[in-house]
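Shown next: structure-v1.cif, containing mmCIF, C-alpha atoms.
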```cif
data_model
loop_
_atom_site.label_atom_id
_atom_site.label_comp_id
_atom_site.auth_asym_id
_atom_site.auth_seq_id
_atom_site.Cartn_x
_atom_site.Cartn_y
_atom_site.Cartn_z
CA SER X 1 -100.43 77.00 18.86
CA GLN X 2 -97.91 79.43 20.25
CA GLN X 3 -94.56 79.30 18.54
CA GLY X 4 -92.54 81.65 20.72
CA GLU X 5 -92.17 81.43 24.47
CA GLU X 6 -90.70 84.31 26.43
CA ASP X 7 -88.66 84.02 29.57
CA PRO X 8 -88.96 85.35 32.20
CA GLN X 9 -92.71 86.01 32.43
CA ALA X 10 -92.01 89.05 34.58
CA LEU X 11 -88.90 91.12 35.24
CA SER X 12 -88.45 93.99 37.69
CA ILE X 13 -85.32 96.14 37.62
CA GLN X 14 -84.06 99.56 38.67
CA GLU X 15 -83.65 102.45 36.29
CA GLY X 16 -80.24 102.39 34.64
CA GLU X 17 -79.89 98.61 34.77
CA ASN X 18 -79.96 96.40 31.71
CA ALA X 19 -82.92 94.15 30.97
CA THR X 20 -82.62 90.87 29.11
CA MET X 21 -85.57 88.90 27.82
CA ASN X 22 -85.40 85.57 26.04
CA CYS X 23 -87.56 83.89 23.45
CA SER X 24 -87.50 80.25 22.44
CA TYR X 25 -89.32 78.73 19.50
CA LYS X 26 -89.95 75.26 18.18
CA THR X 27 -89.67 75.14 14.39
CA SER X 28 -87.52 76.72 11.70
CA ILE X 29 -88.26 80.36 11.08
CA ASN X 30 -87.80 82.92 8.35
CA ASN X 31 -87.73 85.94 10.67
CA LEU X 32 -88.20 86.87 14.28
CA GLN X 33 -89.61 90.15 15.49
CA TRP X 34 -89.88 91.89 18.85
CA TYR X 35 -92.81 94.08 19.80
CA ARG X 36 -93.64 96.23 22.79
CA GLN X 37 -97.08 96.77 24.32
CA ASN X 38 -97.97 99.40 26.87
CA SER X 39 -100.83 98.42 29.12
CA GLY X 40 -104.16 98.42 27.29
CA ARG X 41 -102.64 99.62 24.01
CA GLY X 42 -101.68 98.20 20.65
CA LEU X 43 -98.31 96.68 19.86
CA VAL X 44 -95.39 98.65 18.51
CA HIS X 45 -92.73 97.05 16.36
CA LEU X 46 -89.21 97.24 17.77
CA ILE X 47 -86.93 95.20 15.57
CA LEU X 48 -86.90 92.40 12.98
CA ILE X 49 -84.05 89.92 12.65
CA ARG X 50 -83.82 87.52 9.73
CA SER X 51 -82.83 83.88 10.10
CA ASN X 52 -79.45 84.51 8.47
CA GLU X 53 -78.59 87.31 10.92
CA ARG X 54 -77.05 86.79 14.35
CA GLU X 55 -77.26 90.20 15.94
CA LYS X 56 -78.98 93.50 15.35
CA HIS X 57 -78.92 96.85 17.13
CA SER X 58 -81.37 99.71 17.29
CA GLY X 59 -80.62 102.50 19.73
CA ARG X 60 -80.58 100.95 23.23
CA LEU X 61 -81.90 97.64 21.90
CA ARG X 62 -79.77 94.66 21.00
CA VAL X 63 -81.29 91.49 19.59
CA THR X 64 -79.49 88.22 19.07
CA LEU X 65 -80.67 85.13 17.24
CA ASP X 66 -79.29 81.62 17.62
CA THR X 67 -81.05 79.38 15.11
CA SER X 68 -79.17 76.29 16.31
CA LYS X 69 -80.71 76.73 19.76
CA LYS X 70 -83.96 78.17 18.38
CA SER X 71 -83.72 81.15 20.66
CA SER X 72 -83.48 84.92 20.63
CA SER X 73 -82.75 87.52 23.25
CA LEU X 74 -83.68 91.18 23.58
CA LEU X 75 -81.38 93.38 25.62
CA ILE X 76 -82.46 96.86 26.67
CA THR X 77 -79.50 98.82 27.99
CA ALA X 78 -79.63 101.68 30.52
CA SER X 79 -83.33 101.11 31.10
CA ARG X 80 -85.75 103.93 31.89
CA ALA X 81 -89.08 103.99 33.68
CA ALA X 82 -90.69 104.63 30.30
CA ASP X 83 -89.48 101.19 29.15
CA THR X 84 -92.06 99.60 31.47
CA ALA X 85 -94.24 97.49 29.16
CA SER X 86 -94.84 93.96 27.92
CA TYR X 87 -92.44 92.65 25.32
CA PHE X 88 -93.40 89.97 22.81
CA CYS X 89 -91.41 87.97 20.33
CA ALA X 90 -93.17 86.95 17.15
CA THR X 91 -91.96 84.26 14.81
CA ASP X 92 -92.60 83.71 11.17
CA ALA X 93 -92.42 79.94 10.95
CA ARG X 94 -91.96 78.19 7.64
CA THR X 95 -94.46 75.52 8.66
CA SER X 96 -97.28 77.96 9.41
CA GLY X 97 -97.52 79.60 6.01
CA SER X 98 -95.43 82.51 7.19
CA ARG X 99 -98.08 83.67 9.62
CA LEU X 100 -96.75 85.66 12.55
CA THR X 101 -97.17 83.83 15.85
CA PHE X 102 -96.74 85.59 19.17
CA GLY X 103 -95.48 84.34 22.51
CA GLU X 104 -97.08 85.22 25.82
CA GLY X 105 -94.72 88.06 26.58
CA THR X 106 -92.44 89.33 29.32
CA GLN X 107 -93.80 92.02 31.61
CA LEU X 108 -90.94 94.44 32.32
CA THR X 109 -91.17 96.90 35.19
CA VAL X 110 -88.47 99.54 35.52
CA ASN X 111 -88.52 101.21 38.92
CA PRO X 112 -87.41 104.85 39.13
CA ASP Q 1 -100.96 110.93 9.40
CA GLY Q 2 -100.89 107.36 8.17
CA GLY Q 3 -102.03 104.70 10.54
CA ILE Q 4 -104.50 102.06 11.55
CA THR Q 5 -107.65 102.95 13.45
CA GLN Q 6 -109.88 100.70 15.49
CA SER Q 7 -113.28 101.68 16.80
CA PRO Q 8 -114.86 101.72 19.23
CA LYS Q 9 -112.30 101.64 22.02
CA TYR Q 10 -114.77 99.99 24.40
CA LEU Q 11 -117.76 97.85 23.42
CA PHE Q 12 -120.38 96.13 25.53
CA ARG Q 13 -122.42 93.27 24.20
CA LYS Q 14 -125.42 91.52 25.58
CA GLU Q 15 -125.44 87.77 25.40
CA GLY Q 16 -126.89 86.55 22.11
CA GLN Q 17 -126.03 89.72 20.18
CA ASN Q 18 -123.69 90.12 17.23
CA VAL Q 19 -121.32 93.06 17.32
CA THR Q 20 -118.97 94.45 14.70
CA LEU Q 21 -115.54 95.91 15.39
CA SER Q 22 -114.16 98.38 12.90
CA CYS Q 23 -110.61 98.47 11.54
CA GLU Q 24 -109.44 101.01 8.94
CA GLN Q 25 -105.94 101.69 7.61
CA ASN Q 26 -104.60 104.36 5.29
CA LEU Q 27 -101.15 102.83 4.89
CA ASN Q 28 -102.00 101.22 1.55
CA HIS Q 29 -101.17 97.83 3.06
CA ASP Q 30 -102.37 94.70 1.32
CA ALA Q 31 -102.49 92.46 4.40
CA MET Q 32 -104.72 92.88 7.44
CA TYR Q 33 -105.16 90.75 10.55
CA TRP Q 34 -107.34 90.32 13.62
CA TYR Q 35 -105.94 89.06 16.91
CA ARG Q 36 -107.52 88.31 20.24
CA GLN Q 37 -105.66 88.93 23.51
CA ASP Q 38 -106.81 87.60 26.87
CA PRO Q 39 -105.46 89.04 30.15
CA GLY Q 40 -101.79 88.30 30.71
CA GLN Q 41 -101.53 86.33 27.51
CA GLY Q 42 -100.16 86.65 24.03
CA LEU Q 43 -102.02 87.26 20.79
CA ARG Q 44 -104.01 84.60 18.98
CA LEU Q 45 -104.84 84.96 15.29
CA ILE Q 46 -108.55 85.03 14.41
CA TYR Q 47 -108.63 85.89 10.68
CA TYR Q 48 -106.31 87.42 8.15
CA SER Q 49 -106.58 88.80 4.64
CA GLN Q 50 -103.76 89.27 2.19
CA ILE Q 51 -105.81 90.80 -0.60
CA VAL Q 52 -109.20 92.40 -1.18
CA ASN Q 53 -112.12 89.96 -1.36
CA ASP Q 54 -110.09 87.16 0.16
CA PHE Q 55 -109.50 86.10 3.75
CA GLN Q 56 -108.35 83.06 5.69
CA LYS Q 57 -109.15 81.55 9.07
CA GLY Q 58 -106.57 81.81 11.79
CA ASP Q 59 -106.20 79.63 14.86
CA ILE Q 60 -109.42 80.64 16.64
CA ALA Q 61 -111.91 81.62 13.90
CA GLU Q 62 -114.98 79.87 15.36
CA GLY Q 63 -117.68 82.37 16.34
CA TYR Q 64 -116.16 85.19 14.28
CA SER Q 65 -116.66 86.47 10.74
CA VAL Q 66 -114.90 89.06 8.58
CA SER Q 67 -115.17 90.78 5.23
CA ARG Q 68 -112.62 92.54 3.01
CA GLU Q 69 -114.58 94.52 0.44
CA LYS Q 70 -112.13 97.43 0.43
CA LYS Q 71 -108.37 97.48 0.79
CA GLU Q 72 -108.47 99.89 3.71
CA SER Q 73 -111.18 98.17 5.77
CA PHE Q 74 -111.35 94.80 7.58
CA PRO Q 75 -114.29 94.65 9.99
CA LEU Q 76 -114.66 91.79 12.47
CA THR Q 77 -118.06 90.52 13.60
CA VAL Q 78 -118.26 88.68 16.89
CA THR Q 79 -121.30 86.46 16.57
CA SER Q 80 -123.52 84.93 19.24
CA ALA Q 81 -121.80 81.62 18.49
CA GLN Q 82 -118.65 82.90 20.23
CA LYS Q 83 -119.23 81.67 23.77
CA ASN Q 84 -116.53 83.65 25.52
CA PRO Q 85 -116.06 86.90 23.60
CA THR Q 86 -114.84 89.11 26.44
CA ALA Q 87 -111.30 90.05 25.39
CA PHE Q 88 -109.07 92.72 23.90
CA TYR Q 89 -109.17 92.69 20.09
CA LEU Q 90 -106.28 93.99 18.01
CA CYS Q 91 -106.23 94.71 14.30
CA ALA Q 92 -102.98 94.92 12.37
CA SER Q 93 -101.78 95.52 8.84
CA SER Q 94 -98.57 94.89 6.96
CA LYS Q 95 -97.17 95.80 3.59
CA GLY Q 96 -96.89 92.26 2.33
CA GLN Q 97 -96.84 88.73 3.48
CA TRP Q 98 -96.70 88.18 7.19
CA GLY Q 99 -93.35 87.99 8.89
CA GLY Q 100 -91.19 89.61 6.29
CA THR Q 101 -92.16 93.14 7.23
CA GLU Q 102 -93.23 94.88 10.37
CA ALA Q 103 -96.86 94.91 11.42
CA PHE Q 104 -98.68 98.06 12.43
CA PHE Q 105 -101.29 97.68 15.13
CA GLY Q 106 -104.38 99.64 16.05
CA GLN Q 107 -105.02 100.69 19.64
CA GLY Q 108 -107.46 97.86 20.23
CA THR Q 109 -111.10 97.36 21.14
CA ARG Q 110 -112.00 96.00 24.55
CA LEU Q 111 -115.16 93.92 24.28
CA THR Q 112 -117.14 93.00 27.37
CA VAL Q 113 -120.21 90.80 27.56
CA VAL Q 114 -122.78 92.15 30.01
#
```

Now, as a test, write the supplied structure out as structure tokens.
Amino acid sequence: SQQGEEDPQALSIQEGENATMNCSYKTSINNLQWYRQNSGRGLVHLILIRSNEREKHSGRLRVTLDTSKKSSSLLITASRAADTASYFCATDARTSGSRLTFGEGTQLTVNP
Amino acid sequence: DGGITQSPKYLFRKEGQNVTLSCEQNLNHDAMYWYRQDPGQGLRLIYYSQIVNDFQKGDIAEGYSVSREKKESFPLTVTSAQKNPTAFYLCASSKGQWGGTEAFFGQGTRLTVV
């Protein structure tokens, strides 16, 4: 069963705008990760946030985690056309033997 | 360069045939994983292995088999028992137990039944 659910399913913005994607999950987690996938390619790890962390930054990426609401958000600032990809959250749920479970992703399109 | 390599990139299978997808890593990772991805969807776990000579079923193991005879290799066989094998298959590895460290993915194998 899928643990994480991303919202929105698709997002289209103009270059230079910020993009925000959300992820909700159902059970307690140890960690939450965000990955990026270009069309027809493998996934690339972006950032990992642990359950005792609330916010993490990496370059133009900002991830927040609210364990009380069982949700996370990924913010990409000053987006570029090259950011066009699918973005997945992956949760490491305590009830699933720490296996990583992926959501269905948000398809981000950044228009030049 | 260290990394994880999947081959072939494209694979065509006739109905009733078994096919094997290759996955090799030179990252010295203990854990390796196989995922299936259908169009517009997320990844579903097929099998995973956390140590040589041991592997566990994931959420959709029926119709698939794996082996882990060497640390660097984790081949996936799609058997004739898998009724709908057309999909994108992704192999991944990680340093330790799932979730605590980042996963490295191969570039995928696209399998089509003809």

- [ ] Could you list the residues in chain X lying within 8 Å of chain Q, using only C-alpha atoms, and format the result as a ChimeraX atom specification?
- [x] /X:1,30-33,40-45,48,88,91-92,98-105

Store the residues of this selection in a file with C-alpha atoms, as a compact mmCIF listing (two decimals), keeping the file's coordinate frame.
```
# COMPACT_ATOMS: atom_id res chain seq x y z
CA SER X 1 -100.43 77.00 18.86
CA ASN X 30 -87.80 82.92 8.35
CA ASN X 31 -87.73 85.94 10.67
CA LEU X 32 -88.20 86.87 14.28
CA GLN X 33 -89.61 90.15 15.49
CA GLY X 40 -104.16 98.42 27.29
CA ARG X 41 -102.64 99.62 24.01
CA GLY X 42 -101.68 98.20 20.65
CA LEU X 43 -98.31 96.68 19.86
CA VAL X 44 -95.39 98.65 18.51
CA HIS X 45 -92.73 97.05 16.36
CA LEU X 48 -86.90 92.40 12.98
CA PHE X 88 -93.40 89.97 22.81
CA THR X 91 -91.96 84.26 14.81
CA ASP X 92 -92.60 83.71 11.17
CA SER X 98 -95.43 82.51 7.19
CA ARG X 99 -98.08 83.67 9.62
CA LEU X 100 -96.75 85.66 12.55
CA THR X 101 -97.17 83.83 15.85
CA PHE X 102 -96.74 85.59 19.17
CA GLY X 103 -95.48 84.34 22.51
CA GLU X 104 -97.08 85.22 25.82
CA GLY X 105 -94.72 88.06 26.58
```

Exercise for review: Work out how far apart atom CA of X:Asp66 and atom CA of X:Gly4 are and give it in Å to one decimal.
Suggested key: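 Atom-to-atom, atom CA of X:Asp66 to atom CA of X:Gly4, that is 13.6 Å.
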
Using only C-alpha atoms, the shortest atom-to-atom distance to Q:Ser7 among Q:Ser73, Q:Ser80, Q:Ser67, Q:Ser49 belongs to Q:Ser73

Ref. answer, residues at most 6 Å from (-112.5, 89.4, -0.1) with all atoms listed in the file, as a tab-separated table (two decimals) with C-alpha atoms, in the frame of the given file:
```tsv
chain	number	residue	atom	x	y	z
Q	52	VAL	CA	-109.20	92.40	-1.18
Q	53	ASN	CA	-112.12	89.96	-1.36
Q	54	ASP	CA	-110.09	87.16	0.16
Q	55	PHE	CA	-109.50	86.10	3.75
Q	68	ARG	CA	-112.62	92.54	3.01
Q	69	GLU	CA	-114.58	94.52	0.44
```

| task | Could you check which of X:Ile49, X:Ile29, X:Ala85, X:Ile13 is closest to X:Val110, using all atoms listed in the file? | result |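 Under the stated criterion, the closest residue is X:Ile13.
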
The PyMOL selection byres ((chain X and resi 24) around 6) - which residues does that actually catch in the file I just gave you? List them as an NGL selection string. :X and (4-5 or 23 or 25 or 70-71)

In terms of all atoms listed in the file, the residue from X:Ser73, X:Asn22, X:Ser58, X:Ser68 at minimal distance from X:Ala10 is X:Asn22

Next item on the list: Evaluate the PyMOL selection byres ((chain X and resi 77-80) around 12) and record the selected residues as an NGL selection string, following the chain and residue labels used in the document.
Entry: :X and (12-21 or 57-63 or 74-76 or 81-85 or 108-112)

Residues picked by the PyMOL selection byres ((chain Q and resi 25) around 7) here, as an NGL selection string? :Q and (3-5 or 23-24 or 26-27 or 72-73)

_Length of the atom CA of X:Pro8 to atom CA of X:Tyr87 vector [Å]_ =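 Atom-to-atom, atom CA of X:Pro8 to atom CA of X:Tyr87, that is 10.6 Å.
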
Checklist entry - Rounded to one decimal in Å, what is the spacing between atom CA of Q:Val114 and atom CA of Q:Tyr64? => result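 Separation of atom CA of Q:Val114 and atom CA of Q:Tyr64: 18.4 Å.
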
Listed atoms of stretch 65-80 of chain X, axis-aligned box, 6 Å per side: centre and edge lengths to one decimal in Å, as lines of an AutoDock Vina configuration file?
```
center_x = -82.5
center_y = 90.1
center_z = 23.5
size_x = 18.6
size_y = 39.6
size_z = 28.8
```

**Pick from X:Ala93, X:Gln9, X:Arg36, X:Ser86 nearest to X:Arg50, counting all atoms listed in the file** =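 Among the listed residues, X:Ala93 lies closest to X:Arg50.
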
Hey, could you patch up stretch 38-60 of chain Q with N, CA, C and O atoms and hand it over as a PDB file, keeping the file's coordinate frame?
```pdb
ATOM      1  N   ASP Q  38    -106.209  87.771  25.559  1.00  0.00           N
ATOM      2  CA  ASP Q  38    -106.810  87.600  26.870  1.00  0.00           C
ATOM      3  C   ASP Q  38    -105.829  88.075  27.939  1.00  0.00           C
ATOM      4  O   ASP Q  38    -104.615  88.113  27.690  1.00  0.00           O
ATOM      5  N   PRO Q  39    -106.328  88.436  29.121  1.00  0.00           N
ATOM      6  CA  PRO Q  39    -105.460  89.040  30.150  1.00  0.00           C
ATOM      7  C   PRO Q  39    -104.202  88.247  30.428  1.00  0.00           C
ATOM      8  O   PRO Q  39    -104.262  87.039  30.671  1.00  0.00           O
ATOM      9  N   GLY Q  40    -103.069  88.923  30.392  1.00  0.00           N
ATOM     10  CA  GLY Q  40    -101.790  88.300  30.710  1.00  0.00           C
ATOM     11  C   GLY Q  40    -101.302  87.299  29.690  1.00  0.00           C
ATOM     12  O   GLY Q  40    -100.367  86.544  29.965  1.00  0.00           O
ATOM     13  N   GLN Q  41    -101.916  87.313  28.522  1.00  0.00           N
ATOM     14  CA  GLN Q  41    -101.530  86.330  27.510  1.00  0.00           C
ATOM     15  C   GLN Q  41    -101.064  86.997  26.226  1.00  0.00           C
ATOM     16  O   GLN Q  41    -101.152  88.206  26.056  1.00  0.00           O
ATOM     17  N   GLY Q  42    -100.589  86.155  25.331  1.00  0.00           N
ATOM     18  CA  GLY Q  42    -100.160  86.650  24.030  1.00  0.00           C
ATOM     19  C   GLY Q  42    -101.323  86.819  23.082  1.00  0.00           C
ATOM     20  O   GLY Q  42    -102.488  86.780  23.482  1.00  0.00           O
ATOM     21  N   LEU Q  43    -101.003  87.024  21.811  1.00  0.00           N
ATOM     22  CA  LEU Q  43    -102.020  87.260  20.790  1.00  0.00           C
ATOM     23  C   LEU Q  43    -102.318  85.977  20.038  1.00  0.00           C
ATOM     24  O   LEU Q  43    -101.409  85.236  19.677  1.00  0.00           O
ATOM     25  N   ARG Q  44    -103.603  85.764  19.785  1.00  0.00           N
ATOM     26  CA  ARG Q  44    -104.010  84.600  18.980  1.00  0.00           C
ATOM     27  C   ARG Q  44    -104.721  85.096  17.729  1.00  0.00           C
ATOM     28  O   ARG Q  44    -105.585  85.956  17.789  1.00  0.00           O
ATOM     29  N   LEU Q  45    -104.353  84.519  16.590  1.00  0.00           N
ATOM     30  CA  LEU Q  45    -104.840  84.960  15.290  1.00  0.00           C
ATOM     31  C   LEU Q  45    -106.252  84.457  15.039  1.00  0.00           C
ATOM     32  O   LEU Q  45    -106.513  83.253  15.109  1.00  0.00           O
ATOM     33  N   ILE Q  46    -107.163  85.390  14.689  1.00  0.00           N
ATOM     34  CA  ILE Q  46    -108.550  85.030  14.410  1.00  0.00           C
ATOM     35  C   ILE Q  46    -108.762  84.850  12.905  1.00  0.00           C
ATOM     36  O   ILE Q  46    -109.171  83.793  12.443  1.00  0.00           O
ATOM     37  N   TYR Q  47    -108.505  85.896  12.146  1.00  0.00           N
ATOM     38  CA  TYR Q  47    -108.630  85.890  10.680  1.00  0.00           C
ATOM     39  C   TYR Q  47    -107.548  86.782  10.105  1.00  0.00           C
ATOM     40  O   TYR Q  47    -107.069  87.693  10.751  1.00  0.00           O
ATOM     41  N   TYR Q  48    -107.204  86.517   8.853  1.00  0.00           N
ATOM     42  CA  TYR Q  48    -106.310  87.420   8.150  1.00  0.00           C
ATOM     43  C   TYR Q  48    -106.690  87.477   6.682  1.00  0.00           C
ATOM     44  O   TYR Q  48    -107.330  86.575   6.144  1.00  0.00           O
ATOM     45  N   SER Q  49    -106.265  88.572   6.050  1.00  0.00           N
ATOM     46  CA  SER Q  49    -106.580  88.800   4.640  1.00  0.00           C
ATOM     47  C   SER Q  49    -105.335  89.369   3.983  1.00  0.00           C
ATOM     48  O   SER Q  49    -104.752  90.328   4.474  1.00  0.00           O
ATOM     49  N   GLN Q  50    -104.950  88.786   2.873  1.00  0.00           N
ATOM     50  CA  GLN Q  50    -103.760  89.270   2.190  1.00  0.00           C
ATOM     51  C   GLN Q  50    -104.099  90.049   0.929  1.00  0.00           C
ATOM     52  O   GLN Q  50    -103.216  90.631   0.289  1.00  0.00           O
ATOM     53  N   ILE Q  51    -105.400  90.058   0.584  1.00  0.00           N
ATOM     54  CA  ILE Q  51    -105.810  90.800  -0.600  1.00  0.00           C
ATOM     55  C   ILE Q  51    -107.309  91.057  -0.506  1.00  0.00           C
ATOM     56  O   ILE Q  51    -108.038  90.324   0.180  1.00  0.00           O
ATOM     57  N   VAL Q  52    -107.773  92.070  -1.195  1.00  0.00           N
ATOM     58  CA  VAL Q  52    -109.200  92.400  -1.180  1.00  0.00           C
ATOM     59  C   VAL Q  52    -110.019  91.208  -1.660  1.00  0.00           C
ATOM     60  O   VAL Q  52    -109.611  90.482  -2.570  1.00  0.00           O
ATOM     61  N   ASN Q  53    -111.171  91.023  -1.022  1.00  0.00           N
ATOM     62  CA  ASN Q  53    -112.120  89.960  -1.360  1.00  0.00           C
ATOM     63  C   ASN Q  53    -111.612  88.556  -1.080  1.00  0.00           C
ATOM     64  O   ASN Q  53    -112.144  87.574  -1.627  1.00  0.00           O
ATOM     65  N   ASP Q  54    -110.602  88.464  -0.235  1.00  0.00           N
ATOM     66  CA  ASP Q  54    -110.090  87.160   0.160  1.00  0.00           C
ATOM     67  C   ASP Q  54    -109.642  87.209   1.607  1.00  0.00           C
ATOM     68  O   ASP Q  54    -109.035  88.205   2.037  1.00  0.00           O
ATOM     69  N   PHE Q  55    -109.952  86.167   2.372  1.00  0.00           N
ATOM     70  CA  PHE Q  55    -109.500  86.100   3.750  1.00  0.00           C
ATOM     71  C   PHE Q  55    -109.395  84.640   4.169  1.00  0.00           C
ATOM     72  O   PHE Q  55    -110.000  83.761   3.538  1.00  0.00           O
ATOM     73  N   GLN Q  56    -108.624  84.414   5.229  1.00  0.00           N
ATOM     74  CA  GLN Q  56    -108.350  83.060   5.690  1.00  0.00           C
ATOM     75  C   GLN Q  56    -108.584  82.953   7.186  1.00  0.00           C
ATOM     76  O   GLN Q  56    -108.368  83.912   7.921  1.00  0.00           O
ATOM     77  N   LYS Q  57    -108.996  81.789   7.637  1.00  0.00           N
ATOM     78  CA  LYS Q  57    -109.150  81.550   9.070  1.00  0.00           C
ATOM     79  C   LYS Q  57    -107.792  81.453   9.738  1.00  0.00           C
ATOM     80  O   LYS Q  57    -106.844  80.896   9.174  1.00  0.00           O
ATOM     81  N   GLY Q  58    -107.747  81.979  10.969  1.00  0.00           N
ATOM     82  CA  GLY Q  58    -106.570  81.810  11.790  1.00  0.00           C
ATOM     83  C   GLY Q  58    -106.758  80.630  12.729  1.00  0.00           C
ATOM     84  O   GLY Q  58    -107.439  79.665  12.396  1.00  0.00           O
ATOM     85  N   ASP Q  59    -106.172  80.743  13.913  1.00  0.00           N
ATOM     86  CA  ASP Q  59    -106.200  79.630  14.860  1.00  0.00           C
ATOM     87  C   ASP Q  59    -107.485  79.523  15.667  1.00  0.00           C
ATOM     88  O   ASP Q  59    -107.807  78.462  16.189  1.00  0.00           O
ATOM     89  N   ILE Q  60    -108.225  80.651  15.790  1.00  0.00           N
ATOM     90  CA  ILE Q  60    -109.420  80.640  16.640  1.00  0.00           C
ATOM     91  C   ILE Q  60    -110.587  81.330  15.933  1.00  0.00           C
ATOM     92  O   ILE Q  60    -111.233  82.211  16.490  1.00  0.00           O
TER      93      ILE Q  60
END
```
